[in-house]
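Student: First, the structure itself, so that you have it in front of you.
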Amino acid sequence: MTAIVTTLYEKIPDETTLRVPFTSRHSYLPDAASGVFAPGWDVSYDRSIEGQEFIAGYGLGSPFPEDAKLCAALSTFWPAVAPDAARTFETRFPTVCPLTDEELGIVGGVPWDGVPGPILDQTKGEVEYTRLSHADYVENALNNKFTLSLTGKIDVTEYKQRLLTMAYVYKALGLAPSSNPENSLTRQKSEWRVLSFQTVAGDNEELKRAQLQTRTEFTSNIYRFDVYRSGNVIPQSNSKKIRFTIKERVILFVSGENTLLRYVTGEDEVWTYKNGNE
C-alpha cells in the first residue's frame, strides 16, 4: 500500500474553478507510485538473508538519471524511460530486449545514454566495457549526451519482435527452465553476453553463406546476434574500464522463429538451422 499524508489545513482551500478534461488515467500519481514496489518513485524493496522481502528506501538511484541508469542496466526494467542497456555494462543482468549497435553508439558513435556499448578487441580476443559504477548519467545529462534520435523510433511492434527474438536466441543456445535454483533460466541467460546486435538485409554476405549451407531463406525482419560467454577478467590501468576474455562465441541470424547459428572456432563456418517452436 502507498499512502500520501499531509498536515492539517490552517484554512480550508477554495474549490478550483478550472474545468479539467476527463482522462482515462488509472492513477494520478507519477508512474502509478510504486505499484508492487519495483520500481517506484517513493519506495523500493530488498530481501533479507532469509529471503524475506521488505520495503526499503535505499533501492532508488538519486538523482533521477542515476535511477534511470539502474533500470536500464537491469534489462529494460523500466522500458518507457530506460531501454535495455544490460549489454552496455559488465554486470551479469541478461539482455531481454537488445538495443542495436547503432543505438548503443558502437556504430555511429551516438549512444542513447552517452555510454558506448562493448568494444571487441579482435587481436586479443577481449571485450571492453565501461564499468557500471563509473558511468555517470548525471554528467551525461548535464552535457546533453542523452538522445532519442534512434531509440525514439522503436515502436511497440519492433519492441515485441526484439523480445521474442532474444528469447529464440537463448533457446537456440540450449537454455531451458530448471527446477534447480543454482541453474535457473535467468542464471543461464546471464552467462551469455550480447556483443553485437544488428538488423540486416537479405543481401548480407554472411547471411547468404549461412542460408546456402542450410538450404534456408530468410525474407524479412532479420537480426544478427554476436553473443559470447566471458572468461577471465583482465585488469585495466583505467579504472573506468574492464575487460573480459572470450570463452565461447556464437553468431546467430534470427527471423521469426527461425534461427541459423554457428560457433566461432577459427575453422570453417559450420551453420546449423533451428526452429524456435520445436
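The chains in the C-alpha cells are called A, B, ... from first to last as shown; in each chain the residues are counted from 1, and the ligands are counted from 1 in the order shown.
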I want to know what sits within 7 Å of region 125-137 of chain A, based on only C-alpha atoms, with residues of the same chain fewer than 5 positions away left out; could you give that as a list in words?
Tutor: Pro65, Glu66, Lys69, Thr88, Phe89, Glu90, Val115, Gly117, Pro118, Ile119, Leu120, Lys240, Lys241, Ile242, Arg243, Phe244, Thr245 and Ile246 of chain A
Student: Determine, for each residue of region 67-109 of chain A having at least one atom at most 6 Å from an atom of region 189-199 of chain A, the closest pair of atoms and their separation in Å to one decimal, counting only C-alpha atoms; order by chain and ascending number, as a tab-separated table.
Tutor:
```
residue	atom	partner	partner_atom	distance
A:Arg87	CA	A:Val194	CA	5.9
A:Arg92	CA	A:Ser190	CA	5.3
A:Phe93	CA	A:Ser190	CA	5.7
A:Pro94	CA	A:Ser190	CA	4.5
A:Thr100	CA	A:Phe197	CA	5.0
A:Asp101	CA	A:Phe197	CA	5.8
```
Student: Would you mind exporting all heavy atoms of the selected residues as an mmCIF file, in the first residue's frame?
Tutor:
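Final output, saved to result.cif:
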```cif
data_model
loop_
_atom_site.group_PDB
_atom_site.id
_atom_site.type_symbol
_atom_site.label_atom_id
_atom_site.label_comp_id
_atom_site.auth_asym_id
_atom_site.auth_seq_id
_atom_site.Cartn_x
_atom_site.Cartn_y
_atom_site.Cartn_z
ATOM 1 N N ARG A 87 23.636 -4.992 -21.831
ATOM 2 C CA ARG A 87 24.860 -5.397 -22.526
ATOM 3 C C ARG A 87 25.878 -4.271 -22.649
ATOM 4 O O ARG A 87 26.984 -4.491 -23.135
ATOM 5 C CB ARG A 87 24.523 -5.968 -23.903
ATOM 6 C CG ARG A 87 24.166 -4.967 -24.995
ATOM 7 C CD ARG A 87 23.813 -5.729 -26.263
ATOM 8 N NE ARG A 87 23.613 -4.897 -27.449
ATOM 9 C CZ ARG A 87 24.538 -4.668 -28.371
ATOM 10 N NH1 ARG A 87 25.746 -5.176 -28.241
ATOM 11 N NH2 ARG A 87 24.273 -3.928 -29.424
ATOM 12 N N ARG A 92 26.002 -8.803 -14.688
ATOM 13 C CA ARG A 92 25.524 -10.118 -15.092
ATOM 14 C C ARG A 92 24.021 -10.144 -15.388
ATOM 15 O O ARG A 92 23.434 -11.225 -15.478
ATOM 16 C CB ARG A 92 25.825 -11.131 -13.996
ATOM 17 C CG ARG A 92 27.264 -11.637 -14.017
ATOM 18 C CD ARG A 92 27.530 -12.493 -15.246
ATOM 19 N NE ARG A 92 28.840 -13.136 -15.214
ATOM 20 C CZ ARG A 92 29.280 -13.946 -16.145
ATOM 21 N NH1 ARG A 92 28.536 -14.231 -17.187
ATOM 22 N NH2 ARG A 92 30.484 -14.484 -16.057
ATOM 23 N N PHE A 93 23.404 -8.988 -15.546
ATOM 24 C CA PHE A 93 21.990 -8.982 -15.883
ATOM 25 C C PHE A 93 21.822 -9.405 -17.343
ATOM 26 O O PHE A 93 22.453 -8.834 -18.233
ATOM 27 C CB PHE A 93 21.385 -7.595 -15.659
ATOM 28 C CG PHE A 93 21.442 -7.137 -14.240
ATOM 29 C CD1 PHE A 93 22.234 -6.062 -13.863
ATOM 30 C CD2 PHE A 93 20.717 -7.798 -13.262
ATOM 31 C CE1 PHE A 93 22.296 -5.648 -12.549
ATOM 32 C CE2 PHE A 93 20.779 -7.395 -11.934
ATOM 33 C CZ PHE A 93 21.571 -6.317 -11.577
ATOM 34 N N PRO A 94 20.981 -10.400 -17.633
ATOM 35 C CA PRO A 94 20.839 -10.869 -19.017
ATOM 36 C C PRO A 94 20.084 -9.862 -19.881
ATOM 37 O O PRO A 94 19.202 -9.149 -19.399
ATOM 38 C CB PRO A 94 20.043 -12.165 -18.861
ATOM 39 C CG PRO A 94 19.263 -11.979 -17.599
ATOM 40 C CD PRO A 94 20.154 -11.180 -16.693
ATOM 41 N N THR A 100 20.340 -2.022 -30.670
ATOM 42 C CA THR A 100 21.264 -2.285 -31.772
ATOM 43 C C THR A 100 22.615 -1.628 -31.508
ATOM 44 O O THR A 100 22.757 -0.778 -30.627
ATOM 45 C CB THR A 100 20.704 -1.763 -33.095
ATOM 46 O OG1 THR A 100 20.602 -0.330 -33.014
ATOM 47 C CG2 THR A 100 19.340 -2.357 -33.392
ATOM 48 N N ASP A 101 23.604 -2.026 -32.296
ATOM 49 C CA ASP A 101 24.936 -1.427 -32.184
ATOM 50 C C ASP A 101 24.875 0.073 -32.440
ATOM 51 O O ASP A 101 25.640 0.839 -31.839
ATOM 52 C CB ASP A 101 25.889 -2.084 -33.185
ATOM 53 C CG ASP A 101 26.148 -3.549 -32.852
ATOM 54 O OD1 ASP A 101 25.722 -4.002 -31.774
ATOM 55 O OD2 ASP A 101 26.771 -4.235 -33.680
#
```
Student: Hey, what's within 12 Å of Leu261 (chain A) if we count only C-alpha atoms and toss same-chain stuff fewer than 3 positions away? As a VMD selection string, please?
Tutor: chain A and resid 168 to 174 206 to 207 209 to 211 213 to 214 223 to 227 249 to 255 258 264 269 to 275
Student: Hey, what's within 8 Å of Gly202 (chain A) if we count only C-alpha atoms and toss same-chain stuff fewer than 6 positions away? As a list in words, please?
Tutor: Lys208, Phe218, Thr219, Ser220 and Ile222 of chain A
Student: Please, what distance in Å, to one decimal, runs between CA of Arg162 (chain A) and CA of Glu257 (chain A)?
Tutor: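 According to the coordinates, CA of Arg162 (chain A) and CA of Glu257 (chain A) are separated by 11.7 Å.
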